[in-house]
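As provided, my_file-v4.txt (compact mmCIF, N, CA and C atoms) reads as follows.
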# COMPACT_ATOMS: atom_id res chain seq x y z
N MET A 11 -37.45 3.60 16.29
CA MET A 11 -36.05 3.22 16.43
C MET A 11 -35.76 2.01 15.57
N ALA A 12 -34.61 2.00 14.94
CA ALA A 12 -34.21 0.90 14.07
C ALA A 12 -33.98 -0.36 14.89
N SER A 13 -34.16 -1.50 14.25
CA SER A 13 -33.94 -2.76 14.95
C SER A 13 -32.45 -3.01 15.16
N THR A 14 -32.16 -3.88 16.09
CA THR A 14 -30.78 -4.22 16.40
C THR A 14 -30.14 -4.95 15.23
N LYS A 15 -28.92 -4.56 14.92
CA LYS A 15 -28.13 -5.23 13.89
C LYS A 15 -27.22 -6.22 14.60
N ARG A 16 -27.04 -7.39 14.01
CA ARG A 16 -26.27 -8.45 14.65
C ARG A 16 -25.11 -8.88 13.76
N VAL A 17 -23.93 -8.95 14.39
CA VAL A 17 -22.70 -9.28 13.69
C VAL A 17 -22.02 -10.44 14.41
N LEU A 18 -21.56 -11.43 13.64
CA LEU A 18 -20.81 -12.55 14.19
C LEU A 18 -19.45 -12.61 13.52
N MET A 19 -18.40 -12.57 14.33
CA MET A 19 -17.03 -12.69 13.84
C MET A 19 -16.61 -14.16 13.92
N ILE A 20 -15.98 -14.66 12.86
CA ILE A 20 -15.61 -16.07 12.78
C ILE A 20 -14.13 -16.23 12.44
N CYS A 21 -13.48 -17.14 13.16
CA CYS A 21 -12.16 -17.64 12.75
C CYS A 21 -12.14 -19.13 13.05
N LEU A 22 -11.02 -19.76 12.84
CA LEU A 22 -10.97 -21.21 12.98
C LEU A 22 -11.30 -21.67 14.39
N GLY A 23 -10.62 -21.12 15.40
CA GLY A 23 -10.78 -21.64 16.75
C GLY A 23 -11.46 -20.73 17.75
N ASN A 24 -11.68 -19.46 17.40
CA ASN A 24 -12.34 -18.47 18.24
C ASN A 24 -11.55 -18.13 19.50
N ILE A 25 -10.20 -18.13 19.36
CA ILE A 25 -9.38 -17.69 20.49
C ILE A 25 -8.37 -16.62 20.09
N CYS A 26 -8.30 -16.26 18.83
CA CYS A 26 -7.33 -15.25 18.37
C CYS A 26 -8.02 -14.11 17.63
N ARG A 27 -8.23 -14.30 16.33
CA ARG A 27 -8.71 -13.21 15.49
C ARG A 27 -10.15 -12.81 15.76
N SER A 28 -11.05 -13.77 15.84
CA SER A 28 -12.46 -13.39 15.99
C SER A 28 -12.76 -12.74 17.35
N PRO A 29 -12.13 -13.15 18.46
CA PRO A 29 -12.36 -12.39 19.69
C PRO A 29 -11.80 -10.97 19.61
N ILE A 30 -10.65 -10.81 18.96
CA ILE A 30 -10.11 -9.46 18.77
C ILE A 30 -11.09 -8.63 17.96
N ALA A 31 -11.61 -9.19 16.87
CA ALA A 31 -12.56 -8.47 16.02
C ALA A 31 -13.83 -8.13 16.80
N GLU A 32 -14.30 -9.06 17.61
CA GLU A 32 -15.49 -8.80 18.43
C GLU A 32 -15.24 -7.65 19.40
N ALA A 33 -14.12 -7.70 20.11
CA ALA A 33 -13.80 -6.65 21.09
C ALA A 33 -13.65 -5.29 20.42
N VAL A 34 -13.00 -5.25 19.27
CA VAL A 34 -12.82 -3.99 18.54
C VAL A 34 -14.17 -3.44 18.09
N PHE A 35 -15.02 -4.30 17.55
CA PHE A 35 -16.34 -3.85 17.07
C PHE A 35 -17.16 -3.31 18.24
N ILE A 36 -17.13 -4.02 19.37
CA ILE A 36 -17.86 -3.55 20.55
C ILE A 36 -17.33 -2.18 20.98
N GLN A 37 -16.01 -2.03 21.01
CA GLN A 37 -15.42 -0.75 21.40
C GLN A 37 -15.87 0.37 20.45
N GLN A 38 -15.87 0.08 19.16
CA GLN A 38 -16.25 1.09 18.18
C GLN A 38 -17.71 1.52 18.33
N VAL A 39 -18.63 0.55 18.48
CA VAL A 39 -20.04 0.93 18.62
C VAL A 39 -20.28 1.66 19.94
N ASN A 40 -19.55 1.29 20.98
CA ASN A 40 -19.67 2.01 22.25
C ASN A 40 -19.19 3.45 22.11
N GLN A 41 -18.06 3.65 21.43
CA GLN A 41 -17.52 5.00 21.24
C GLN A 41 -18.46 5.86 20.41
N LEU A 42 -19.19 5.24 19.51
CA LEU A 42 -20.13 5.97 18.66
C LEU A 42 -21.51 6.12 19.31
N GLY A 43 -21.66 5.59 20.51
CA GLY A 43 -22.94 5.68 21.20
C GLY A 43 -24.02 4.80 20.58
N LEU A 44 -23.61 3.70 19.94
CA LEU A 44 -24.56 2.84 19.23
C LEU A 44 -24.72 1.47 19.88
N SER A 45 -24.29 1.33 21.13
CA SER A 45 -24.28 0.01 21.75
C SER A 45 -25.67 -0.61 21.86
N ASN A 46 -26.72 0.20 21.90
CA ASN A 46 -28.08 -0.34 21.95
C ASN A 46 -28.58 -0.81 20.59
N SER A 47 -27.85 -0.48 19.53
CA SER A 47 -28.28 -0.82 18.16
C SER A 47 -27.54 -2.01 17.57
N TRP A 48 -26.52 -2.50 18.26
CA TRP A 48 -25.69 -3.57 17.71
C TRP A 48 -25.50 -4.69 18.72
N GLU A 49 -25.53 -5.91 18.22
CA GLU A 49 -25.17 -7.10 19.00
C GLU A 49 -23.99 -7.74 18.29
N VAL A 50 -22.92 -7.99 19.02
CA VAL A 50 -21.70 -8.51 18.42
C VAL A 50 -21.25 -9.73 19.20
N GLU A 51 -20.93 -10.81 18.50
CA GLU A 51 -20.40 -12.02 19.11
C GLU A 51 -19.30 -12.57 18.21
N SER A 52 -18.64 -13.61 18.69
CA SER A 52 -17.68 -14.32 17.85
C SER A 52 -17.82 -15.81 18.11
N ALA A 53 -17.38 -16.60 17.12
CA ALA A 53 -17.50 -18.05 17.22
C ALA A 53 -16.42 -18.70 16.35
N ALA A 54 -16.33 -20.02 16.47
CA ALA A 54 -15.32 -20.80 15.77
C ALA A 54 -15.94 -21.67 14.69
N LEU A 55 -15.12 -22.04 13.73
CA LEU A 55 -15.53 -23.03 12.74
C LEU A 55 -15.39 -24.44 13.30
N ILE A 56 -14.48 -24.62 14.25
CA ILE A 56 -14.26 -25.92 14.89
C ILE A 56 -14.46 -25.77 16.39
N GLY A 57 -14.82 -26.84 17.05
CA GLY A 57 -15.10 -26.78 18.47
C GLY A 57 -13.92 -27.12 19.37
N TYR A 58 -12.73 -27.15 18.82
CA TYR A 58 -11.55 -27.59 19.58
C TYR A 58 -11.31 -26.78 20.85
N HIS A 59 -11.54 -25.48 20.80
CA HIS A 59 -11.25 -24.60 21.94
C HIS A 59 -12.51 -24.22 22.73
N THR A 60 -13.62 -24.89 22.49
CA THR A 60 -14.89 -24.53 23.13
C THR A 60 -14.71 -24.36 24.65
N GLY A 61 -15.21 -23.23 25.15
CA GLY A 61 -15.16 -22.95 26.57
C GLY A 61 -13.88 -22.29 27.05
N LYS A 62 -12.89 -22.18 26.17
CA LYS A 62 -11.61 -21.58 26.55
C LYS A 62 -11.65 -20.06 26.40
N ASN A 63 -10.82 -19.39 27.17
CA ASN A 63 -10.61 -17.96 27.04
C ASN A 63 -9.80 -17.69 25.77
N PRO A 64 -9.82 -16.46 25.28
CA PRO A 64 -8.95 -16.12 24.15
C PRO A 64 -7.48 -16.34 24.52
N ASP A 65 -6.65 -16.55 23.51
CA ASP A 65 -5.21 -16.70 23.67
C ASP A 65 -4.68 -15.53 24.50
N HIS A 66 -3.72 -15.81 25.38
CA HIS A 66 -3.19 -14.76 26.26
C HIS A 66 -2.60 -13.60 25.47
N ARG A 67 -2.08 -13.87 24.27
CA ARG A 67 -1.52 -12.80 23.44
C ARG A 67 -2.62 -11.91 22.87
N ALA A 68 -3.77 -12.49 22.57
CA ALA A 68 -4.92 -11.70 22.10
C ALA A 68 -5.39 -10.78 23.23
N MET A 69 -5.51 -11.33 24.42
CA MET A 69 -5.97 -10.52 25.57
C MET A 69 -4.95 -9.44 25.92
N SER A 70 -3.68 -9.77 25.85
CA SER A 70 -2.62 -8.79 26.13
C SER A 70 -2.68 -7.65 25.10
N THR A 71 -2.89 -8.01 23.84
CA THR A 71 -3.00 -7.00 22.78
C THR A 71 -4.19 -6.08 23.05
N LEU A 72 -5.32 -6.66 23.41
CA LEU A 72 -6.49 -5.84 23.69
C LEU A 72 -6.23 -4.89 24.86
N ARG A 73 -5.61 -5.40 25.92
CA ARG A 73 -5.29 -4.53 27.06
C ARG A 73 -4.32 -3.43 26.65
N ASP A 74 -3.29 -3.79 25.85
CA ASP A 74 -2.33 -2.79 25.36
C ASP A 74 -3.02 -1.68 24.58
N LYS A 75 -4.11 -2.01 23.93
CA LYS A 75 -4.84 -1.05 23.10
C LYS A 75 -5.99 -0.38 23.85
N GLY A 76 -6.09 -0.63 25.15
CA GLY A 76 -7.08 0.07 25.97
C GLY A 76 -8.41 -0.64 26.14
N ILE A 77 -8.52 -1.86 25.66
CA ILE A 77 -9.75 -2.64 25.85
C ILE A 77 -9.52 -3.55 27.05
N THR A 78 -10.03 -3.14 28.19
CA THR A 78 -9.72 -3.84 29.44
C THR A 78 -10.91 -4.61 30.02
N ASN A 79 -12.10 -4.40 29.49
CA ASN A 79 -13.28 -5.02 30.07
C ASN A 79 -13.88 -6.11 29.20
N TYR A 80 -13.08 -6.75 28.36
CA TYR A 80 -13.56 -7.77 27.45
C TYR A 80 -13.34 -9.16 28.05
N SER A 81 -14.36 -9.99 27.98
CA SER A 81 -14.21 -11.39 28.36
C SER A 81 -14.98 -12.24 27.35
N HIS A 82 -14.54 -13.46 27.17
CA HIS A 82 -15.13 -14.30 26.13
C HIS A 82 -14.77 -15.75 26.40
N LYS A 83 -15.66 -16.65 26.04
CA LYS A 83 -15.41 -18.09 26.03
C LYS A 83 -15.70 -18.58 24.61
N ALA A 84 -14.75 -19.31 24.06
CA ALA A 84 -14.88 -19.79 22.69
C ALA A 84 -16.10 -20.70 22.55
N ARG A 85 -16.73 -20.58 21.39
CA ARG A 85 -17.87 -21.44 21.06
C ARG A 85 -17.87 -21.72 19.57
N PRO A 86 -18.43 -22.85 19.17
CA PRO A 86 -18.54 -23.12 17.73
C PRO A 86 -19.76 -22.41 17.14
N ILE A 87 -19.69 -22.14 15.86
CA ILE A 87 -20.83 -21.58 15.15
C ILE A 87 -21.94 -22.63 15.13
N THR A 88 -23.19 -22.16 15.13
CA THR A 88 -24.33 -23.06 15.07
C THR A 88 -25.15 -22.76 13.82
N GLU A 89 -26.01 -23.67 13.47
CA GLU A 89 -26.88 -23.46 12.32
C GLU A 89 -27.78 -22.25 12.54
N GLU A 90 -28.22 -22.03 13.78
CA GLU A 90 -29.08 -20.90 14.10
C GLU A 90 -28.38 -19.56 13.87
N ASP A 91 -27.05 -19.54 13.99
CA ASP A 91 -26.31 -18.30 13.78
C ASP A 91 -26.53 -17.73 12.39
N PHE A 92 -26.79 -18.59 11.43
CA PHE A 92 -26.97 -18.15 10.05
C PHE A 92 -28.28 -17.39 9.83
N THR A 93 -29.20 -17.51 10.78
CA THR A 93 -30.44 -16.73 10.70
C THR A 93 -30.51 -15.68 11.80
N LYS A 94 -29.78 -15.86 12.87
CA LYS A 94 -29.79 -14.89 13.98
C LYS A 94 -29.02 -13.62 13.62
N PHE A 95 -27.89 -13.78 12.90
CA PHE A 95 -27.01 -12.65 12.62
C PHE A 95 -27.26 -12.10 11.22
N ASP A 96 -27.10 -10.77 11.11
CA ASP A 96 -27.25 -10.11 9.81
C ASP A 96 -25.99 -10.27 8.96
N TRP A 97 -24.83 -10.22 9.62
CA TRP A 97 -23.54 -10.40 8.95
C TRP A 97 -22.73 -11.43 9.71
N ILE A 98 -22.04 -12.27 8.95
CA ILE A 98 -21.04 -13.18 9.51
C ILE A 98 -19.74 -12.86 8.78
N PHE A 99 -18.77 -12.39 9.56
CA PHE A 99 -17.49 -11.99 8.99
C PHE A 99 -16.42 -13.04 9.27
N GLY A 100 -15.84 -13.58 8.20
CA GLY A 100 -14.70 -14.48 8.31
C GLY A 100 -13.42 -13.70 8.20
N MET A 101 -12.34 -14.29 8.71
CA MET A 101 -11.06 -13.60 8.74
C MET A 101 -10.18 -13.90 7.52
N ASP A 102 -10.46 -15.01 6.84
CA ASP A 102 -9.65 -15.36 5.66
C ASP A 102 -10.53 -16.15 4.68
N ASN A 103 -9.97 -16.43 3.52
CA ASN A 103 -10.74 -17.11 2.47
C ASN A 103 -11.17 -18.51 2.88
N ASN A 104 -10.34 -19.22 3.65
CA ASN A 104 -10.73 -20.55 4.11
C ASN A 104 -11.96 -20.46 5.01
N ASN A 105 -12.00 -19.43 5.88
CA ASN A 105 -13.18 -19.22 6.73
C ASN A 105 -14.42 -19.02 5.87
N ILE A 106 -14.30 -18.18 4.85
CA ILE A 106 -15.44 -17.88 3.98
C ILE A 106 -15.91 -19.12 3.24
N GLN A 107 -14.96 -19.89 2.73
CA GLN A 107 -15.32 -21.12 2.02
C GLN A 107 -16.05 -22.09 2.94
N GLU A 108 -15.54 -22.26 4.15
CA GLU A 108 -16.17 -23.17 5.11
C GLU A 108 -17.55 -22.66 5.52
N LEU A 109 -17.68 -21.35 5.75
CA LEU A 109 -18.99 -20.78 6.10
C LEU A 109 -20.00 -21.01 4.98
N ASN A 110 -19.58 -20.80 3.74
CA ASN A 110 -20.49 -21.03 2.62
C ASN A 110 -20.85 -22.50 2.47
N ASN A 111 -19.92 -23.39 2.80
CA ASN A 111 -20.19 -24.83 2.74
C ASN A 111 -21.19 -25.26 3.80
N MET A 112 -21.13 -24.66 4.98
CA MET A 112 -22.00 -25.08 6.08
C MET A 112 -23.29 -24.27 6.16
N LYS A 113 -23.41 -23.24 5.36
CA LYS A 113 -24.58 -22.36 5.38
C LYS A 113 -25.84 -23.14 5.03
N PRO A 114 -26.84 -23.10 5.91
CA PRO A 114 -28.09 -23.79 5.59
C PRO A 114 -28.88 -23.02 4.53
N SER A 115 -29.83 -23.70 3.91
CA SER A 115 -30.60 -23.08 2.82
C SER A 115 -31.44 -21.89 3.28
N ASN A 116 -31.77 -21.84 4.56
CA ASN A 116 -32.59 -20.72 5.06
C ASN A 116 -31.74 -19.58 5.62
N SER A 117 -30.46 -19.59 5.36
CA SER A 117 -29.56 -18.55 5.87
C SER A 117 -29.99 -17.18 5.38
N THR A 118 -29.99 -16.22 6.30
CA THR A 118 -30.28 -14.83 5.95
C THR A 118 -29.07 -13.93 6.17
N ALA A 119 -28.01 -14.48 6.72
CA ALA A 119 -26.80 -13.71 7.02
C ALA A 119 -26.00 -13.44 5.75
N LYS A 120 -25.43 -12.25 5.69
CA LYS A 120 -24.50 -11.91 4.62
C LYS A 120 -23.11 -12.35 5.10
N ILE A 121 -22.44 -13.18 4.31
CA ILE A 121 -21.13 -13.71 4.67
C ILE A 121 -20.07 -12.96 3.88
N GLU A 122 -19.13 -12.35 4.62
CA GLU A 122 -18.10 -11.53 3.98
C GLU A 122 -16.78 -11.65 4.75
N LEU A 123 -15.70 -11.30 4.07
CA LEU A 123 -14.42 -11.11 4.74
C LEU A 123 -14.47 -9.81 5.53
N LEU A 124 -14.07 -9.85 6.78
CA LEU A 124 -14.00 -8.61 7.56
C LEU A 124 -13.02 -7.65 6.90
N GLY A 125 -11.92 -8.18 6.36
CA GLY A 125 -10.91 -7.36 5.73
C GLY A 125 -11.37 -6.62 4.49
N LYS A 126 -12.54 -6.97 3.98
CA LYS A 126 -13.11 -6.26 2.83
C LYS A 126 -13.25 -4.77 3.15
N TYR A 127 -13.39 -4.45 4.42
CA TYR A 127 -13.60 -3.07 4.84
C TYR A 127 -12.31 -2.39 5.29
N ASP A 128 -11.17 -3.04 5.10
CA ASP A 128 -9.88 -2.47 5.47
C ASP A 128 -9.49 -1.39 4.46
N PRO A 129 -9.36 -0.14 4.89
CA PRO A 129 -9.01 0.93 3.95
C PRO A 129 -7.62 0.74 3.33
N GLN A 130 -6.78 -0.08 3.96
CA GLN A 130 -5.46 -0.37 3.41
C GLN A 130 -5.51 -1.47 2.34
N GLY A 131 -6.67 -2.12 2.21
CA GLY A 131 -6.84 -3.14 1.19
C GLY A 131 -6.31 -4.51 1.55
N GLU A 132 -5.94 -4.72 2.81
CA GLU A 132 -5.49 -6.05 3.25
C GLU A 132 -6.71 -6.85 3.66
N THR A 133 -7.20 -7.68 2.76
CA THR A 133 -8.46 -8.37 3.01
C THR A 133 -8.32 -9.59 3.92
N ILE A 134 -7.15 -10.15 4.02
CA ILE A 134 -6.93 -11.36 4.82
C ILE A 134 -6.30 -11.00 6.16
N ILE A 135 -6.94 -11.46 7.23
CA ILE A 135 -6.38 -11.29 8.56
C ILE A 135 -5.72 -12.63 8.91
N ARG A 136 -4.39 -12.63 8.81
CA ARG A 136 -3.62 -13.86 8.99
C ARG A 136 -3.74 -14.38 10.42
N ASP A 137 -3.81 -15.69 10.55
CA ASP A 137 -3.92 -16.32 11.86
C ASP A 137 -2.58 -16.25 12.59
N PRO A 138 -2.50 -15.53 13.73
CA PRO A 138 -1.24 -15.39 14.45
C PRO A 138 -1.01 -16.47 15.51
N TYR A 139 -1.87 -17.47 15.58
CA TYR A 139 -1.82 -18.46 16.66
C TYR A 139 -0.46 -19.13 16.81
N TYR A 140 0.17 -19.49 15.72
CA TYR A 140 1.45 -20.21 15.79
C TYR A 140 2.66 -19.28 15.84
N ASP A 141 2.44 -17.98 15.88
CA ASP A 141 3.56 -17.04 16.01
C ASP A 141 4.22 -17.21 17.37
N SER A 142 5.50 -16.88 17.45
CA SER A 142 6.22 -17.00 18.72
C SER A 142 6.12 -15.74 19.57
N ASN A 143 5.50 -14.69 19.02
CA ASN A 143 5.37 -13.44 19.78
C ASN A 143 3.98 -12.84 19.52
N SER A 144 3.80 -11.60 19.91
CA SER A 144 2.49 -10.95 19.80
C SER A 144 2.34 -10.06 18.57
N ALA A 145 3.36 -9.98 17.73
CA ALA A 145 3.30 -9.05 16.59
C ALA A 145 2.09 -9.32 15.69
N GLY A 146 1.79 -10.57 15.41
CA GLY A 146 0.65 -10.91 14.57
C GLY A 146 -0.67 -10.54 15.20
N PHE A 147 -0.73 -10.60 16.51
CA PHE A 147 -1.95 -10.20 17.23
C PHE A 147 -2.16 -8.70 17.15
N HIS A 148 -1.07 -7.95 17.26
CA HIS A 148 -1.16 -6.50 17.12
C HIS A 148 -1.58 -6.12 15.69
N LYS A 149 -1.05 -6.84 14.72
CA LYS A 149 -1.43 -6.61 13.31
C LYS A 149 -2.91 -6.92 13.10
N ALA A 150 -3.38 -8.03 13.66
CA ALA A 150 -4.80 -8.39 13.54
C ALA A 150 -5.68 -7.32 14.18
N TYR A 151 -5.25 -6.81 15.33
CA TYR A 151 -5.99 -5.74 15.99
C TYR A 151 -6.10 -4.51 15.07
N GLU A 152 -4.97 -4.08 14.53
CA GLU A 152 -4.97 -2.91 13.65
C GLU A 152 -5.88 -3.12 12.45
N GLN A 153 -5.85 -4.30 11.86
CA GLN A 153 -6.72 -4.57 10.72
C GLN A 153 -8.19 -4.52 11.13
N CYS A 154 -8.51 -5.04 12.31
CA CYS A 154 -9.90 -5.03 12.78
C CYS A 154 -10.39 -3.60 13.02
N VAL A 155 -9.50 -2.75 13.51
CA VAL A 155 -9.89 -1.35 13.70
C VAL A 155 -10.19 -0.72 12.34

Represent the structure from my file as structure tokens, please.
Amino acid sequence: MASTKRVLMICLGNICRSPIAEAVFIQQVNQLGLSNSWEVESAALIGYHTGKNPDHRAMSTLRDKGITNYSHKARPITEEDFTKFDWIFGMDNNNIQELNNMKPSNSTAKIELLGKYDPQGETIIRDPYYDSNSAGFHKAYEQCV
């Protein structure tokens, strides 16, 4: 049996985009019957929201899309994450730049934009945190799918 593949989703605060991406990835591997082959987590570039639940609009979006059993507490990325995970996916170019800046010399993780795999070609998943409604969260969900 193949070894477990590990994926870490990253955004600035780990309460909007990266938890949505984590929940979507978990849902996808479960639907494909691959949950024993993948480990998926999410983390933040900054520790401002450490220990907090995802934004209520992110959770509402996930519930609207049928993901009802997801829970998460925000955490910052650690140096160990760069060797623990096979892929670290950032949501935008600033995330990627910061990840590359903080990457230790022994990093084994491949750092990429999650949007690189968007068949629509939208590589940047815009941060919906300051939006006044949930439209940006729904858009982020669709891009993650």

What does the distance from CA of Lys83 in chain A to CA of Ile30 in chain A come to in Å, to one decimal? 12.5 Å

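In this comparison, which uses only C-alpha atoms, the residue of A:Thr14, A:Asp65, A:Thr60, A:Arg73 approaching Asn46 in chain A most closely is A:Thr14.
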
Polymer residues at most 8 Å from Ala33 in chain A, all atoms listed in the file, same-chain spacing of 2 or more positions, as a list in words: Arg27, Ser28, Pro29, Ile30, Ala31, Phe35, Ile36, Gln37, Gln38, Val39, Val50, Glu51, Ser52, Leu72, Ile77, Tyr80 and Ser81 of chain A

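Note that the spacing between CA of Ala150 in chain A and atom N of Arg16 in chain A amounts to 22.3 Å.
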
Can you list, as an NGL selection string, all residues belonging to chain A that DSSP tags as strand (DSSP E)? :A and (15-21 or 48-54 or 97-100 or 120-123)

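With all atoms listed in the file as the atoms that count, the minimum distance from Met69 in chain A to the choices A:Val17, A:Glu108, A:Asn103, A:Ile25 is reached by A:Ile25.
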
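Remark: for Trp97 in chain A, the closest of the candidate residues A:Asn110, A:Ser45, A:Gln130, A:Thr118 is A:Thr118 (distances computed over all atoms listed in the file).
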
Please return as number ranges by chain: the residues of chain A that backbone DSSP assigns to helix (DSSP H, G or I). A: 27-41, 66-74, 91-94, 103-112, 124-127, 145-154

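Nearest residue to His66 in chain A, choosing from A:Ala54, A:Cys26, A:Asp96, A:His82 and counting all atoms listed in the file: A:Cys26.
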
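Atom pair atom N of Gly100 in chain A / CA of Leu124 in chain A: separated by 5.3 Å.
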
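Counting only C-alpha atoms, the residue from A:Asn24, A:Ser117, A:Thr93, A:Asn111 that sits nearest to Asp137 in chain A is A:Asn24.
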
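Using only C-alpha atoms, the shortest contact distance between Cys21 in chain A and any of A:Tyr139, A:Asn79, A:Asp91, A:Lys113 is found at A:Tyr139.
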
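The point (-0.8, -10.7, 13.4) has these residues within 12 Å of it, counting only C-alpha atoms: Cys26, Arg27, Ile30, Arg67, Ala68, Thr71, Met101, Ile134, Ile135, Arg136, Asp137, Pro138, Tyr139, Tyr140, Asp141, Ser142, Asn143, Ser144, Ala145, Gly146, Phe147, His148, Lys149, Ala150, Tyr151, Glu152, Gln153 and Cys154 of chain A.
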